[in-house]
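J.: Contents are mmCIF, C-alpha atoms; file name entry-v9.cif:
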data_structure
loop_
_atom_site.label_atom_id
_atom_site.label_comp_id
_atom_site.auth_asym_id
_atom_site.auth_seq_id
_atom_site.Cartn_x
_atom_site.Cartn_y
_atom_site.Cartn_z
CA MET A 1152 -16.44 19.80 8.87
CA THR A 1153 -14.82 22.54 10.98
CA THR A 1154 -15.11 20.51 14.18
CA GLN A 1155 -13.54 17.50 12.46
CA PHE A 1156 -10.74 19.75 11.21
CA VAL A 1157 -10.11 20.92 14.77
CA MET A 1158 -10.32 17.38 16.15
CA HIS A 1159 -7.83 16.05 13.62
CA GLY A 1160 -5.59 19.04 14.31
CA VAL A 1161 -5.64 18.14 18.01
CA LEU A 1162 -4.80 14.54 17.10
CA LEU A 1163 -1.92 15.64 14.88
CA VAL A 1164 -0.47 17.92 17.58
CA ALA A 1165 -0.76 15.12 20.17
CA LEU A 1166 0.94 12.59 17.87
CA VAL A 1167 3.79 14.97 17.07
CA GLY A 1168 4.16 15.86 20.75
CA ALA A 1169 4.15 12.20 21.83
CA GLY A 1170 6.73 11.34 19.17
CA ILE A 1171 9.06 14.16 20.17
CA TRP A 1172 8.68 13.38 23.87
CA ASP A 1173 9.34 9.68 23.21
CA VAL A 1174 12.53 10.43 21.25
CA HIS A 1175 13.88 12.65 24.02
CA SER A 1176 12.86 10.68 27.11
CA SER A 1177 11.84 7.15 25.98
CA ARG A 1178 8.39 7.79 27.42
CA VAL A 1179 4.95 8.77 26.20
CA PRO A 1180 3.54 10.94 28.99
CA ASN A 1181 0.08 10.65 30.45
CA PHE A 1182 -0.39 14.39 29.99
CA VAL A 1183 -0.59 13.66 26.25
CA THR A 1184 -2.53 10.39 26.22
CA PHE A 1185 -5.20 11.02 28.85
CA PRO A 1186 -6.35 14.43 27.58
CA LEU A 1187 -6.38 13.11 23.99
CA ALA A 1188 -8.61 10.20 25.01
CA PHE A 1189 -10.85 12.52 27.01
CA VAL A 1190 -11.16 14.99 24.12
CA GLY A 1191 -12.02 12.14 21.75
CA LEU A 1192 -14.70 10.78 24.07
CA VAL A 1193 -16.24 14.22 24.69
CA PHE A 1194 -16.06 15.21 21.03
CA HIS A 1195 -17.86 12.11 19.81
CA THR A 1196 -20.40 12.30 22.63
CA PHE A 1197 -21.51 15.82 21.71
CA SER A 1198 -20.57 16.20 18.04
CA ASP A 1199 -23.06 16.16 15.23
CA SER A 1200 -21.01 13.57 13.34
CA GLY A 1201 -23.47 10.91 14.44
CA ASN A 1202 -20.73 8.68 15.82
CA GLY A 1203 -21.54 9.02 19.50
CA ILE A 1204 -19.69 7.88 22.56
CA LEU A 1205 -19.95 4.18 21.64
CA PHE A 1206 -17.84 4.86 18.53
CA SER A 1207 -15.17 6.49 20.69
CA VAL A 1208 -15.27 3.86 23.44
CA GLU A 1209 -14.98 1.07 20.85
CA GLY A 1210 -11.95 2.79 19.31
CA LEU A 1211 -10.34 3.34 22.71
CA GLY A 1212 -10.92 -0.28 23.72
CA LEU A 1213 -9.67 -1.71 20.44
CA GLY A 1214 -6.56 0.49 20.51
CA PHE A 1215 -5.82 -0.78 24.01
CA ILE A 1216 -6.47 -4.44 23.15
CA LEU A 1217 -4.30 -4.34 20.03
CA LEU A 1218 -1.14 -3.42 21.97
CA ILE A 1219 -1.61 -4.66 25.55
CA GLY A 1220 -0.15 -8.08 24.74
CA PHE A 1221 3.05 -6.49 23.44
CA TYR A 1222 3.34 -4.53 26.68
CA ILE A 1223 2.73 -7.62 28.82
CA TYR A 1224 5.54 -9.48 27.03
CA GLY A 1225 7.94 -6.53 27.27
CA GLY A 1226 7.82 -5.46 23.64
CA MET A 1227 6.78 -1.88 24.32
CA GLY A 1228 5.95 0.59 27.04
CA ALA A 1229 2.61 1.33 28.63
CA GLY A 1230 2.65 4.83 27.13
CA ASP A 1231 2.56 3.34 23.63
CA VAL A 1232 -0.49 1.27 24.56
CA LYS A 1233 -2.22 4.32 26.05
CA LEU A 1234 -1.34 6.38 22.97
CA LEU A 1235 -2.99 3.94 20.56
CA ALA A 1236 -6.01 3.73 22.86
CA ALA A 1237 -6.28 7.54 22.90
CA VAL A 1238 -5.95 7.61 19.11
CA GLY A 1239 -8.79 5.09 18.98
CA ALA A 1240 -10.98 7.38 21.08
CA VAL A 1241 -10.51 10.05 18.41
CA VAL A 1242 -10.64 8.05 15.17
CA GLY A 1243 -12.86 5.11 16.13
CA PRO A 1244 -12.43 1.35 15.81
CA THR A 1245 -12.01 0.98 12.05
CA ASN A 1246 -9.45 3.74 11.73
CA VAL A 1247 -7.49 2.72 14.82
CA PHE A 1248 -7.25 -0.79 13.37
CA MET A 1249 -5.97 0.62 10.07
CA GLY A 1250 -3.49 2.74 12.00
CA PHE A 1251 -2.39 -0.34 13.93
CA LEU A 1252 -1.80 -2.28 10.70
CA PHE A 1253 0.31 0.50 9.23
CA SER A 1254 2.12 0.95 12.55
CA SER A 1255 2.90 -2.76 12.64
CA LEU A 1256 4.39 -2.68 9.16
CA LEU A 1257 6.35 0.48 9.87
CA GLY A 1258 7.45 -0.86 13.26
CA GLY A 1259 8.87 -4.00 11.66
CA LEU A 1260 10.77 -1.94 9.10
CA TYR A 1261 11.98 0.40 11.84
CA ALA A 1262 13.23 -2.52 13.96
CA LEU A 1263 15.01 -4.05 10.97
CA ALA A 1264 16.62 -0.72 10.15
CA ILE A 1265 17.88 -0.32 13.74
CA MET A 1266 19.24 -3.87 13.74
CA GLY A 1267 20.88 -3.38 10.36
CA TRP A 1268 22.44 -0.09 11.44
CA HIS A 1269 23.88 -1.48 14.68
CA LEU A 1270 24.64 -5.08 13.74
CA GLY A 1271 25.26 -4.88 10.01
CA LEU A 1272 23.29 -6.59 7.30
CA ALA A 1273 24.92 -10.01 7.62
CA GLN A 1274 24.37 -10.36 11.37
CA THR A 1275 20.82 -8.98 11.07
CA ALA A 1276 19.98 -11.49 8.33
CA GLU A 1277 21.44 -14.35 10.39
CA ARG A 1278 19.43 -13.35 13.47
CA LEU A 1279 16.23 -13.09 11.48
CA LYS A 1280 16.82 -16.51 9.95
CA VAL A 1281 17.36 -18.12 13.36
CA ILE A 1282 14.30 -16.42 14.84
CA LEU A 1283 11.99 -17.21 11.92
CA VAL A 1284 13.11 -20.83 11.58
CA SER A 1285 12.74 -21.43 15.31
CA MET A 1286 9.30 -19.84 15.42
CA VAL A 1287 7.89 -21.43 12.27
CA LEU A 1288 9.45 -24.88 12.21
CA MET A 1289 10.16 -25.61 15.84
CA LYS A 1290 7.40 -23.55 17.46
CA ILE A 1291 9.86 -22.15 20.01
CA ASN A 1292 11.25 -18.72 20.69
CA VAL A 1293 15.05 -18.59 20.65
CA ALA A 1294 15.28 -14.81 20.48
CA ASP A 1295 16.23 -14.64 24.17
CA SER A 1296 19.06 -17.16 23.72
CA LEU A 1297 20.71 -15.23 20.89
CA GLU A 1298 23.91 -13.40 21.70
CA GLN A 1299 22.84 -10.40 23.74
CA THR A 1300 23.68 -7.21 21.89
CA VAL A 1301 22.54 -3.94 23.35
CA LEU A 1302 20.39 -2.23 20.76
CA PRO A 1303 18.71 1.13 21.28
CA LYS A 1304 15.13 1.17 22.47
CA LEU A 1305 12.61 1.67 19.72
CA ARG A 1306 10.62 4.89 19.91
CA TYR A 1307 7.26 3.43 19.01
CA ALA A 1308 5.23 6.63 19.47
CA LEU A 1309 6.79 7.83 16.21
CA VAL A 1310 5.59 4.67 14.48
CA ILE A 1311 2.10 4.97 15.97
CA GLY A 1312 1.92 8.55 14.75
CA LEU A 1313 3.00 7.69 11.21
CA GLY A 1314 0.79 4.60 11.13
CA THR A 1315 -2.18 6.67 12.25
CA LEU A 1316 -1.53 9.24 9.55
CA LEU A 1317 -1.25 6.54 6.89
CA GLY A 1318 -4.32 4.77 8.27
CA GLN A 1319 -6.31 7.97 8.01
CA GLY A 1320 -5.02 8.43 4.46
CA VAL A 1321 -7.74 9.73 2.19
CA HIS A 1322 -9.83 10.90 5.14
CA TRP A 1323 -7.14 13.43 6.11
CA PHE A 1324 -6.97 14.81 2.58
CA LYS A 1325 -10.73 15.42 2.61
CA ILE A 1326 -10.46 17.41 5.84
CA PHE A 1327 -7.30 19.34 5.14
#
Show me the file's structure as structure tokens.
T.:
Amino acid sequence: MTTQFVMHGVLLVALVGAGIWDVHSSRVPNFVTFPLAFVGLVFHTFSDSGNGILFSVEGLGLGFILLIGFYIYGGMGAGDVKLLAAVGAVVGPTNVFMGFLFSSLLGGLYALAIMGWHLGLAQTAERLKVILVSMVLMKINVADSLEQTVLPKLRYALVIGLGTLLGQGVHWFKIF
């Protein structure tokens, strides 16, 4: 129990650090993601939790796979992908998937809030209607052809951190 407490403390510090760094510099640095992944792999390799390195490698791989497509298509930075992979190395495949689901929901709300703040509710609703209708009914993506309005970059490390915390949910309360 004490080692899990320490491990989740390390995870929490890394998530807070990544979120703060992302807000200030629009980057998630490797000096946060790589050591977190390494610590997760080592912890599960030698811990008595019975999870083993396979548990950690599966979580790391799944975290990477879940976000790499968004990076490839320009929806997020590589640091965000590496952060979710590192989280997966710590929490394993099931919990990284739960964190991803919560992060996806929070990320959508976050994006809508940013659009609403900068464009207003009416223009945001109109854009969403055009995008959804084009994607669902016409099977095309017209998002690129919409009037180009400069919106601030989303700081997705914050969302990954919150999604991870929500995904851990009851598990965190047992430890803390």
J.: Output the residue selection produced by the PyMOL selection byres ((chain A and resi 1319) around 12) on the file above, formatted as a ChimeraX atom specification.
T.: /A:1159,1162-1163,1238-1239,1241-1254,1311-1318,1320-1327
J.: Which residue gives the smallest distance to Val1161 in chain A among A:Ser1176, A:Ile1219, A:Asn1181, A:Leu1187, with only C-alpha atoms counted?
T.: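 Of A:Ser1176, A:Ile1219, A:Asn1181, A:Leu1187, the one nearest Val1161 in chain A is A:Leu1187, counting only C-alpha atoms.
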J.: Which protein, DNA or RNA residues have an atom at most 12 Å from (-18.6, 9.3, 16.5), counting all atoms listed in the file? List them as a PyMOL selection string.
T.: chain A and resi 1154-1155+1158+1191-1211+1239-1246
J.: Evaluate the PyMOL selection byres ((chain A and resi 1233-1236) around 6) and record the selected residues as an NGL selection string, following the chain and residue labels used in the document.
T.: :A and (1184 or 1211 or 1214-1215 or 1230-1232 or 1237-1239)
J.: Between CA of Gly1170 in chain A and CA of Tyr1261 in chain A, what distance in Å does the model show, to one decimal?
T.: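 Interatomic distance here is 14.2 Å.
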J.: Which one of A:Gly1168, A:Leu1257, A:Val1157, A:Phe1185 sits closest to Tyr1307 in chain A if you count all atoms listed in the file?
T.: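 Of all the options, A:Leu1257 lies closest to Tyr1307 in chain A.
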J.: Looking at only C-alpha atoms, which of A:Lys1304, A:Ala1273, A:Leu1283, A:Val1310 is the one that sits closest to Gly1259 in chain A?
T.: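 Of A:Lys1304, A:Ala1273, A:Leu1283, A:Val1310, the one nearest Gly1259 in chain A, counting only C-alpha atoms, is A:Val1310.
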J.: Would you work out the distance separating CA of Ile1216 in chain A from CA of Gly1228 in chain A, expressed in Å to one decimal?
T.: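 CA of Gly1228 in chain A lies 14.0 Å from CA of Ile1216 in chain A.
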J.: Report as a list in words the full result of the PyMOL selection byres ((chain A and resi 1306) around 7) when it is applied to this structure.
T.: Asp1173, Val1174, Ser1177, Lys1304, Leu1305, Tyr1307, Ala1308 and Leu1309 of chain A
J.: One decimal, Å: what's the distance from CA of Arg1178 in chain A over to CA of Ala1276 in chain A, could you say?
T.: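 Going from CA of Arg1178 in chain A over to CA of Ala1276 in chain A covers 29.5 Å.
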